[in-house]
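Heads up, the thing below is written out as structure tokens.
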Amino acid sequence: MAGIQHQLQVELGDRSYPIFIGQGLLGQQDLGQWVAGEQVLIVTNETVAPLYLEKARASFSGKQVDVVILPDGEFYKTWEVLNRIFDQLLEKRHTRKTTLVALGGGVVGDMTGFAAACYQRGVDFIQIPTTLLAQVDSSVGGKTGINHPRGKNMIGAFLQPRCVLIDTSTLETLPNRELSSGLAEVIKYGLIQDNQFLSWLEEHMDGLMALQSDTLAEAIFRSCQCKAAIVAADEREAGVRALLNLGHTFGHAIETYTGYAEWLHGEAVAAGMVMAADMSKRMGWLTYNDIDRITQLLVRARLPIRPPETMSPDDFYALMAVDKKNIDGALRLVLLHSLGDATVTAEFDPELLHLVLSAHQEAQE
Ligand SMILES: NC(=O)c1ccc[n+]([C@@H]2O[C@H](COP(=O)([O-])OP(=O)(O)OC[C@H]3O[C@@H](n4cnc5c(N)ncnc54)[C@H](O)[C@@H]3O)[C@@H](O)[C@H]2O)c1
Ligand SMILES: O=C(O)C(=O)C[C@@H](O)[C@H](O)[C@H](O)COP(=O)(O)O
Ligand SMILES: [Zn+2]
């Protein structure tokens with residue numbers, strides 16, 4: 001396909017799929033070859049539709065293309081809103097051969113994938129991610145779902161897309177705060193697996209923040225490489241995939257505590273990664289210098305490095321108790337042995353965790 005700068009494959013046997021990365025791909029690429037039947041439902045939201053819906057529609061010429069436009073925001077990643085996708089599929093008489101297309105950020109992607117996993121017990125879907133966060137993380141790997149008031153992504157399914165089309169020029173319209181949110185997940189890959197990538201990010205953070213297109217494409221490609229390799233090794237999070245959850249045990253608690261309405265996902269993950277790093281230092285693994293490098297990089301990406309002031313250790317404990325990584329009631333944390341080397345463990349001194357969960361409140365006193 002023309003205009004593709006990078007291409008890679010998520011290797012999952014007969015469910016393997018390609019990721020295409022390039023500037024201006026949307027609308028230029030005919031995606032008909034990834035559609036099994038004659039019907040397509042594009043799922044998008046009220047912000048993305050005016051920007052990119054017509055280009056997306058053009059990628060499926062000759063097909064019956066229907067559209068559902070959801071309200072915008074994490075707050076709407078719910079059962080009620082999910083139902084609107086099913087309503088439209090039934091109203092337009094979509095069959096088992098239909099293909100759902102997620103056009104938008106991670107919220108649209110997670111909901112569309114979950115709808116595809118459920119509709120008539122499973123139909124195909126395609127990811128067209130339009131935020132940095134969705135391009136580097138959520139569109140790849142097949143985790144789909146919705147939130148519950150008691151916990152993040154608590155209802156969901158694994159379903160891999162048929163392909164992922166990343167048009168980096170969609171980032172030109174992305175608000176700065178959303179760019180930063182995506183950078184949190186990019187930094188995550190450096191921290192869990194790739195010290196060289198971390199150094200590269202330190203060198204190129206200004207270019208990324210300035211939306212330099214080749215630098216962004218490189219960061220997206222390297223992030224997708226990292227995610228694709230982990231997903232190929234452990235699709236359903238029996239082991240190594242849990243490392244992708246660095247910062248998320250704390251971050252998801254922050255998102256739930258604030259009602260999915262104040263903190264962006266990447267912002268919560270950023271503060272959560274600092275908490276995980278703090279715990280790793282208290283375990284004797286990371287150094288002051290490591291913590292300094294992590295916080296400086298996050299600050300340069302304009303991300304928060306502390307949880308909400310009002311959030312107490314008890315608030316954290318209550319919400320972390322439902323974390324999906326927990327086994328037999330024991331909390332498991334993703335921690336860092338060193339920069340670029342993560343581990344998931346339940347073996348830590350609870351006193352140390354308590355210090356981590358109270359540090360931000362003590363700093364205010
Ligand atoms: N499935 C996974 O593996 C995975 C991984 C990471 C995150 N997630 C989930 O992804 C969600 C976060 O995704 P997100 O950060 O993309 O948030 P989002 O989907 O809410 O999108 C962020 C904002 O940007 C807007 N937007 C999207 N594309 C745009 C564009 N090109 N120009 C202008 N505005 C645009 C959206 O309308 C929204 O207001 C969370 O629900 C998180 O749990 C899932
Ligand atoms: O793909 C994964 O695996 C991840 O953990 C990626 C995370 O960035 C993402 O936020 C994911 O949705 C979290 O999954 P969850 O299982 O902890 O809800
Ligand atoms: Zn995440």
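Quick note on naming: the chains in the structure tokens go A, B, ... in the order shown, residues restart at 1 in each chain, and ligands are numbered from 1 in order of appearance.
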* Contacts to ligand 2 at 6 Å cut-off (only C-alpha atoms and all ligand atoms) as a list in words -> Gly141, Asn153, Arg241, Leu244 and Asn245 of chain A
Would you output that residue set with N, CA and C atoms, as a PDB file, in the first residue's frame?
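Output file out_29.pdb follows:
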```pdb
ATOM      1  N   GLY A 141      -3.356  -5.467  20.263  1.00  0.00           N
ATOM      2  CA  GLY A 141      -3.311  -6.433  21.362  1.00  0.00           C
ATOM      3  C   GLY A 141      -4.621  -7.049  21.776  1.00  0.00           C
ATOM      4  N   ASN A 153     -12.156  -0.968  33.179  1.00  0.00           N
ATOM      5  CA  ASN A 153     -12.106  -2.070  32.191  1.00  0.00           C
ATOM      6  C   ASN A 153     -12.550  -3.400  32.803  1.00  0.00           C
ATOM      7  N   ARG A 241       2.758 -10.261  29.693  1.00  0.00           N
ATOM      8  CA  ARG A 241       1.908  -9.142  29.279  1.00  0.00           C
ATOM      9  C   ARG A 241       1.566  -8.224  30.454  1.00  0.00           C
ATOM     10  N   LEU A 244       2.916  -4.670  30.816  1.00  0.00           N
ATOM     11  CA  LEU A 244       2.301  -3.517  30.148  1.00  0.00           C
ATOM     12  C   LEU A 244       1.423  -2.729  31.107  1.00  0.00           C
ATOM     13  N   ASN A 245       1.226  -3.277  32.288  1.00  0.00           N
ATOM     14  CA  ASN A 245       0.396  -2.629  33.306  1.00  0.00           C
ATOM     15  C   ASN A 245       1.223  -1.759  34.256  1.00  0.00           C
TER      16      ASN A 245
END
```
* Do you know which residues are within 8 Å of ligand 3 using only C-alpha atoms and all ligand atoms? Can you write them as a ChimeraX atom specification? -> /A:137-138,185,244-245,248,265-266,269
Please write the residues from the selection above to a file, keeping C-alpha atoms, as a PDB file, in the first residue's frame.
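Everything below was put into out_3.pdb:
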```pdb
ATOM      1  CA  ASP A 137      -1.105   1.040  22.706  1.00  0.00           C
ATOM      2  CA  SER A 138      -4.854   0.442  22.742  1.00  0.00           C
ATOM      3  CA  GLU A 185       2.342   4.920  27.440  1.00  0.00           C
ATOM      4  CA  LEU A 244       2.301  -3.517  30.148  1.00  0.00           C
ATOM      5  CA  ASN A 245       0.396  -2.629  33.306  1.00  0.00           C
ATOM      6  CA  HIS A 248      -1.809   0.999  36.008  1.00  0.00           C
ATOM      7  CA  HIS A 265      -5.769   7.616  31.277  1.00  0.00           C
ATOM      8  CA  GLY A 266      -2.172   8.525  30.418  1.00  0.00           C
ATOM      9  CA  VAL A 269      -0.626   6.090  34.384  1.00  0.00           C
TER      10      VAL A 269
END
```
* What gap, in Å, lies between atom CA of Ala49 of chain A and atom 20 (O, counted along the ligand's line) of ligand 1? -> 13.5 Å
* To do: Within segment 118-307 of chain A, find each residue whose DSSP state, derived from the backbone, is strand (DSSP E), and express the selection as a ChimeraX atom specification.
  => /A:124-129,143-148,151-158,164-167
List as a tab-separated table every residue of chain A that is in contact with ligand 1, defined as an atom at most 8 Å from one of its atoms (using only C-alpha atoms and all ligand atoms), together with the nearest atom pair and the distance in Å rounded to one decimal, sorted by chain and then rising number.
```
residue	atom	partner	partner_atom_place_in_ligand_line	distance
A:Asn45	CA	ligand 1	37 (O)	6.2
A:Glu46	CA	ligand 1	37 (O)	7.0
A:Thr47	CA	ligand 1	37 (O)	4.7
A:Val48	CA	ligand 1	37 (O)	5.5
A:Leu51	CA	ligand 1	32 (N)	7.2
A:Tyr52	CA	ligand 1	31 (N)	7.8
A:Asp72	CA	ligand 1	37 (O)	5.3
A:Gly73	CA	ligand 1	20 (O)	4.7
A:Glu74	CA	ligand 1	20 (O)	5.3
A:Lys77	CA	ligand 1	41 (O)	7.0
A:Gly104	CA	ligand 1	27 (C)	4.9
A:Gly105	CA	ligand 1	19 (O)	3.2
A:Gly106	CA	ligand 1	13 (O)	3.2
A:Val107	CA	ligand 1	19 (O)	3.8
A:Val108	CA	ligand 1	19 (O)	5.6
A:Gly109	CA	ligand 1	19 (O)	7.3
A:Asp110	CA	ligand 1	1 (N)	5.4
A:Pro129	CA	ligand 1	28 (N)	7.3
A:Thr130	CA	ligand 1	28 (N)	4.2
A:Thr131	CA	ligand 1	28 (N)	4.5
A:Leu132	CA	ligand 1	16 (O)	6.8
A:Leu133	CA	ligand 1	15 (O)	4.9
A:Ala134	CA	ligand 1	16 (O)	4.8
A:Asp137	CA	ligand 1	5 (C)	4.9
A:Ser138	CA	ligand 1	4 (C)	3.4
A:Ser139	CA	ligand 1	1 (N)	6.4
A:Val140	CA	ligand 1	3 (O)	6.4
A:Gly141	CA	ligand 1	3 (O)	6.0
A:Gly142	CA	ligand 1	1 (N)	6.3
A:Lys143	CA	ligand 1	1 (N)	4.2
A:Thr144	CA	ligand 1	1 (N)	5.2
A:Gly145	CA	ligand 1	1 (N)	7.5
A:Ile146	CA	ligand 1	41 (O)	7.6
A:Asn147	CA	ligand 1	41 (O)	7.9
A:Lys152	CA	ligand 1	43 (O)	7.1
A:Asn153	CA	ligand 1	43 (O)	6.5
A:Thr170	CA	ligand 1	31 (N)	4.3
A:Leu171	CA	ligand 1	31 (N)	5.0
A:Glu172	CA	ligand 1	31 (N)	6.9
A:Thr173	CA	ligand 1	32 (N)	4.0
A:Leu174	CA	ligand 1	32 (N)	3.8
A:Pro175	CA	ligand 1	33 (C)	6.1
A:Glu178	CA	ligand 1	22 (C)	5.9
A:Ser181	CA	ligand 1	15 (O)	6.2
A:Gly182	CA	ligand 1	15 (O)	6.2
A:Glu185	CA	ligand 1	6 (C)	7.5
A:Leu264	CA	ligand 1	15 (O)	6.7
A:His265	CA	ligand 1	12 (C)	5.5
A:Gly266	CA	ligand 1	15 (O)	6.6
```
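The interatomic distance for the pair atom CA of Asp349 of chain A and atom CA of Glu309 of chain A works out to 23.9 Å.
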* DSSP on the backbone, then: every residue of segment 73-264 of chain A marked helix (DSSP H, G or I), written as number ranges by chain. => A: 74-76, 79-91, 106-121, 132-138, 168-173, 176-193, 195-209, 213-233, 240-245, 248-257
Can you check which parts of segment 92-204 of chain A lie within 10 Å of segment 9-19 of chain A? Per residue, the shortest pair of atoms and distance in Å to one decimal, counting only C-alpha atoms, sorted by chain and number, as a tab-separated table.
```
residue	atom	partner	partner_atom	distance
A:Gln127	CA	A:Ile19	CA	9.3
A:Gln135	CA	A:Ile19	CA	9.7
A:Ser139	CA	A:Ile19	CA	9.4
A:Val140	CA	A:Val10	CA	8.2
A:Gly141	CA	A:Val10	CA	8.1
A:Leu159	CA	A:Arg15	CA	9.5
A:Gln160	CA	A:Arg15	CA	7.1
A:Pro161	CA	A:Tyr17	CA	7.3
A:Arg162	CA	A:Tyr17	CA	5.7
A:Cys163	CA	A:Pro18	CA	5.2
A:Val164	CA	A:Ile19	CA	4.7
A:Leu165	CA	A:Ile19	CA	6.0
A:Ile166	CA	A:Ile19	CA	7.3
```
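The interatomic distance for the pair atom CA of Asp167 of chain A and atom CA of Lys97 of chain A works out to 26.0 Å.
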* Polymer residues at most 9 Å from Ser199 of chain A, only C-alpha atoms, same-chain spacing of 5 or more positions, as a VMD selection string -> chain A and resid 190 194 204
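The nearest approach to Phe316 of chain A among the residues A:His354, A:Arg57, A:Arg84, A:Lys281, with only C-alpha atoms taken into account, belongs to A:His354.
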